[in-house]
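Structure, as structure tokens:
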Amino acid sequence: MALEIKEDKGIFEVIGELTSQNLGALKVYFESALEVTDEMVISLEKVTVMDSSVALFFEKLYKQVAANHKVLAIVGRQNKEISEVMNITKTDYILSSDRV
């Protein structure tokens, strides 16, 4: 399944596979979106595959947003498809415990 991102009222739902192959597009998309908003919710609940490069990207984005005094919530803690890679890369702390 290809990567798809749907936005509705500031909630960005990521659907499909997140790998190093589409990391560049993902990075451009979210960095551009953060230029026009101070608050964002990213849902990873429908991600079917995630590799370590993407987990580390989301951690970097999370830290960058905080350093710029903006708000980013990343949800998807219940998604078993991403939990292992988030645990291995020690990036699971960026996931919000709240569901959208």
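Here's how to read the names in the structure tokens: chain A, B, ... by the order shown, residue numbers from 1 in each chain, ligand numbers from 1 in the order shown.
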
Give me the residues within 7 Å of segment 69-80 of chain A as a list in words, counting only C-alpha atoms and dropping any in the same chain fewer than 4 places off. Asp38, Glu39, Met40, Val41, Ile42, Ser43, Leu44, Glu45, Tyr62, Val65, Ile94, Leu95, Ser96, Ser97, Asp98 and Arg99 of chain A

Tell me, as a ChimeraX atom specification, which residues lie within 10 Å of segment 47-59 of chain A, counting only C-alpha atoms; anything in the same chain fewer than 5 positions away does not count. /A:1,3-4,13-24,26-27,30,42,64-65,74,76,79-95

Output for the residues just chosen: N, CA and C atoms as a compact mmCIF listing (two decimals), in the first residue's frame:
```
# COMPACT_ATOMS: atom_id res chain seq x y z
N MET A 1 0.85 -1.18 0.00
CA MET A 1 0.00 0.00 0.00
C MET A 1 0.89 1.24 0.00
N LEU A 3 1.82 5.29 0.48
CA LEU A 3 1.63 6.25 1.56
C LEU A 3 0.51 7.22 1.19
N GLU A 4 -0.36 7.48 2.16
CA GLU A 4 -1.43 8.45 1.96
C GLU A 4 -1.56 9.27 3.25
N GLU A 13 -3.91 12.19 9.23
CA GLU A 13 -3.98 10.74 9.34
C GLU A 13 -3.05 10.12 8.30
N VAL A 14 -2.05 9.39 8.77
CA VAL A 14 -1.10 8.74 7.89
C VAL A 14 -1.56 7.30 7.68
N ILE A 15 -1.66 6.91 6.40
CA ILE A 15 -2.17 5.60 6.05
C ILE A 15 -1.17 4.90 5.13
N GLY A 16 -0.84 3.66 5.45
CA GLY A 16 0.04 2.89 4.57
C GLY A 16 1.39 2.58 5.18
N GLU A 17 2.37 2.42 4.31
CA GLU A 17 3.71 2.02 4.72
C GLU A 17 4.62 3.24 4.85
N LEU A 18 5.34 3.31 5.96
CA LEU A 18 6.31 4.37 6.19
C LEU A 18 7.70 3.75 6.22
N THR A 19 8.46 3.98 5.16
CA THR A 19 9.80 3.42 5.06
C THR A 19 10.77 4.49 4.58
N SER A 20 12.03 4.14 4.54
CA SER A 20 13.04 5.09 4.07
C SER A 20 12.78 5.52 2.63
N GLN A 21 12.05 4.70 1.87
CA GLN A 21 11.75 5.04 0.48
C GLN A 21 10.83 6.24 0.34
N ASN A 22 9.94 6.45 1.29
CA ASN A 22 9.05 7.61 1.20
C ASN A 22 9.31 8.63 2.31
N LEU A 23 10.43 8.49 2.98
CA LEU A 23 10.77 9.41 4.08
C LEU A 23 10.95 10.84 3.59
N GLY A 24 11.55 11.02 2.43
CA GLY A 24 11.75 12.37 1.90
C GLY A 24 10.44 13.10 1.70
N LEU A 26 7.57 12.42 3.16
CA LEU A 26 6.97 12.60 4.48
C LEU A 26 7.56 13.83 5.17
N LYS A 27 8.88 13.95 5.09
CA LYS A 27 9.59 15.07 5.72
C LYS A 27 9.14 16.40 5.12
N PHE A 30 5.37 17.28 6.21
CA PHE A 30 5.13 17.75 7.57
C PHE A 30 5.90 19.02 7.91
N ILE A 42 -0.79 14.18 14.57
CA ILE A 42 -0.47 13.18 13.55
C ILE A 42 -0.94 11.83 14.07
N GLN A 64 11.97 19.15 17.29
CA GLN A 64 12.05 20.40 16.55
C GLN A 64 10.82 21.27 16.82
N VAL A 65 9.66 20.66 16.84
CA VAL A 65 8.42 21.38 17.10
C VAL A 65 8.44 21.97 18.52
N ILE A 74 1.39 13.05 18.61
CA ILE A 74 1.45 11.91 17.71
C ILE A 74 0.72 10.76 18.38
N GLY A 76 -1.11 6.82 18.15
CA GLY A 76 -0.94 5.53 17.49
C GLY A 76 -0.33 4.49 18.40
N ASN A 79 -1.32 0.91 17.93
CA ASN A 79 -1.04 0.26 16.65
C ASN A 79 0.11 -0.73 16.82
N LYS A 80 -0.19 -2.00 16.79
CA LYS A 80 0.82 -3.04 16.98
C LYS A 80 1.81 -3.11 15.83
N GLU A 81 1.44 -2.56 14.66
CA GLU A 81 2.32 -2.58 13.50
C GLU A 81 3.54 -1.67 13.68
N ILE A 82 3.42 -0.65 14.54
CA ILE A 82 4.54 0.27 14.73
C ILE A 82 5.18 0.16 16.11
N SER A 83 4.53 -0.51 17.05
CA SER A 83 5.01 -0.51 18.43
C SER A 83 6.39 -1.13 18.59
N GLU A 84 6.69 -2.19 17.86
CA GLU A 84 7.99 -2.84 18.01
C GLU A 84 9.14 -1.92 17.57
N VAL A 85 9.00 -1.29 16.41
CA VAL A 85 10.07 -0.42 15.93
C VAL A 85 10.20 0.82 16.82
N MET A 86 9.09 1.32 17.34
CA MET A 86 9.16 2.47 18.24
C MET A 86 9.85 2.09 19.55
N ASN A 87 9.62 0.87 20.03
CA ASN A 87 10.30 0.41 21.24
C ASN A 87 11.79 0.19 21.00
N ILE A 88 12.14 -0.46 19.89
CA ILE A 88 13.54 -0.74 19.59
C ILE A 88 14.34 0.55 19.43
N THR A 89 13.76 1.55 18.77
CA THR A 89 14.47 2.82 18.55
C THR A 89 14.33 3.77 19.74
N LYS A 90 13.63 3.33 20.76
CA LYS A 90 13.40 4.13 21.97
C LYS A 90 12.75 5.49 21.65
N THR A 91 11.82 5.45 20.70
CA THR A 91 11.09 6.65 20.32
C THR A 91 9.63 6.59 20.73
N ASP A 92 9.22 5.54 21.42
CA ASP A 92 7.81 5.40 21.79
C ASP A 92 7.34 6.47 22.76
N TYR A 93 8.28 7.16 23.42
CA TYR A 93 7.88 8.21 24.36
C TYR A 93 7.20 9.38 23.66
N ILE A 94 7.39 9.53 22.35
CA ILE A 94 6.77 10.66 21.64
C ILE A 94 5.30 10.41 21.35
N LEU A 95 4.85 9.17 21.51
CA LEU A 95 3.45 8.85 21.24
C LEU A 95 2.56 9.28 22.39
```

Between atom CA of Ile5 of chain A and atom CA of Glu31 of chain A, measure the distance and give it in Å to one decimal.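 These atoms are spaced 13.7 Å apart.
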
Residue list (strand (DSSP E), DSSP) for chain A, as a ChimeraX atom specification: /A:4-8,11-18,39-50,71-75

Alpha helix (DSSP H) per DSSP on the backbone: members of chain A, as a ChimeraX atom specification: /A:23-35,52-67,80-88

With N, CA and C atoms retained, export the selected residues as a compact mmCIF listing (two decimals), in the first residue's frame.
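To be explicit, this is the file written out as result_14.txt:
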```
# COMPACT_ATOMS: atom_id res chain seq x y z
N LEU A 23 10.43 8.49 2.98
CA LEU A 23 10.77 9.41 4.08
C LEU A 23 10.95 10.84 3.59
N GLY A 24 11.55 11.02 2.43
CA GLY A 24 11.75 12.37 1.90
C GLY A 24 10.44 13.10 1.70
N ALA A 25 9.47 12.43 1.11
CA ALA A 25 8.15 13.04 0.88
C ALA A 25 7.45 13.34 2.21
N LEU A 26 7.57 12.42 3.16
CA LEU A 26 6.97 12.60 4.48
C LEU A 26 7.56 13.83 5.17
N LYS A 27 8.88 13.95 5.09
CA LYS A 27 9.59 15.07 5.72
C LYS A 27 9.14 16.40 5.12
N VAL A 28 9.13 16.49 3.81
CA VAL A 28 8.71 17.72 3.13
C VAL A 28 7.28 18.08 3.49
N TYR A 29 6.40 17.09 3.51
CA TYR A 29 4.99 17.32 3.79
C TYR A 29 4.81 17.93 5.19
N PHE A 30 5.37 17.28 6.21
CA PHE A 30 5.13 17.75 7.57
C PHE A 30 5.90 19.02 7.91
N GLU A 31 7.08 19.19 7.36
CA GLU A 31 7.79 20.45 7.61
C GLU A 31 7.06 21.62 6.97
N SER A 32 6.49 21.41 5.79
CA SER A 32 5.69 22.46 5.13
C SER A 32 4.43 22.76 5.93
N ALA A 33 3.76 21.72 6.41
CA ALA A 33 2.54 21.92 7.19
C ALA A 33 2.82 22.69 8.47
N LEU A 34 3.96 22.44 9.09
CA LEU A 34 4.28 23.12 10.34
C LEU A 34 4.67 24.58 10.14
N GLU A 35 4.94 24.97 8.92
CA GLU A 35 5.22 26.38 8.65
C GLU A 35 3.97 27.24 8.75
N SER A 52 12.85 1.95 11.07
CA SER A 52 13.52 2.76 12.09
C SER A 52 13.82 4.17 11.62
N SER A 53 14.09 4.37 10.33
CA SER A 53 14.39 5.72 9.85
C SER A 53 13.19 6.65 10.03
N VAL A 54 12.00 6.13 9.86
CA VAL A 54 10.80 6.94 10.03
C VAL A 54 10.54 7.21 11.51
N ALA A 55 10.75 6.23 12.36
CA ALA A 55 10.58 6.43 13.80
C ALA A 55 11.52 7.53 14.28
N LEU A 56 12.76 7.50 13.82
CA LEU A 56 13.74 8.52 14.21
C LEU A 56 13.38 9.89 13.61
N PHE A 57 12.80 9.90 12.42
CA PHE A 57 12.33 11.17 11.83
C PHE A 57 11.25 11.79 12.71
N PHE A 58 10.28 10.98 13.13
CA PHE A 58 9.21 11.53 13.96
C PHE A 58 9.75 12.04 15.29
N GLU A 59 10.75 11.38 15.85
CA GLU A 59 11.37 11.88 17.08
C GLU A 59 12.03 13.23 16.83
N LYS A 60 12.76 13.34 15.74
CA LYS A 60 13.42 14.61 15.40
C LYS A 60 12.39 15.71 15.19
N LEU A 61 11.31 15.40 14.47
CA LEU A 61 10.24 16.37 14.23
C LEU A 61 9.61 16.81 15.55
N TYR A 62 9.37 15.85 16.43
CA TYR A 62 8.79 16.13 17.75
C TYR A 62 9.65 17.11 18.53
N LYS A 63 10.95 16.87 18.54
CA LYS A 63 11.88 17.74 19.27
C LYS A 63 11.97 19.12 18.61
N GLN A 64 11.97 19.15 17.29
CA GLN A 64 12.05 20.40 16.55
C GLN A 64 10.82 21.27 16.82
N VAL A 65 9.66 20.66 16.84
CA VAL A 65 8.42 21.38 17.10
C VAL A 65 8.44 21.97 18.52
N ALA A 66 8.87 21.18 19.48
CA ALA A 66 8.94 21.66 20.86
C ALA A 66 9.93 22.82 20.99
N ALA A 67 11.05 22.73 20.31
CA ALA A 67 12.06 23.79 20.37
C ALA A 67 11.54 25.10 19.77
N LYS A 80 -0.19 -2.00 16.79
CA LYS A 80 0.82 -3.04 16.98
C LYS A 80 1.81 -3.11 15.83
N GLU A 81 1.44 -2.56 14.66
CA GLU A 81 2.32 -2.58 13.50
C GLU A 81 3.54 -1.67 13.68
N ILE A 82 3.42 -0.65 14.54
CA ILE A 82 4.54 0.27 14.73
C ILE A 82 5.18 0.16 16.11
N SER A 83 4.53 -0.51 17.05
CA SER A 83 5.01 -0.51 18.43
C SER A 83 6.39 -1.13 18.59
N GLU A 84 6.69 -2.19 17.86
CA GLU A 84 7.99 -2.84 18.01
C GLU A 84 9.14 -1.92 17.57
N VAL A 85 9.00 -1.29 16.41
CA VAL A 85 10.07 -0.42 15.93
C VAL A 85 10.20 0.82 16.82
N MET A 86 9.09 1.32 17.34
CA MET A 86 9.16 2.47 18.24
C MET A 86 9.85 2.09 19.55
N ASN A 87 9.62 0.87 20.03
CA ASN A 87 10.30 0.41 21.24
C ASN A 87 11.79 0.19 21.00
N ILE A 88 12.14 -0.46 19.89
CA ILE A 88 13.54 -0.74 19.59
C ILE A 88 14.34 0.55 19.43
```
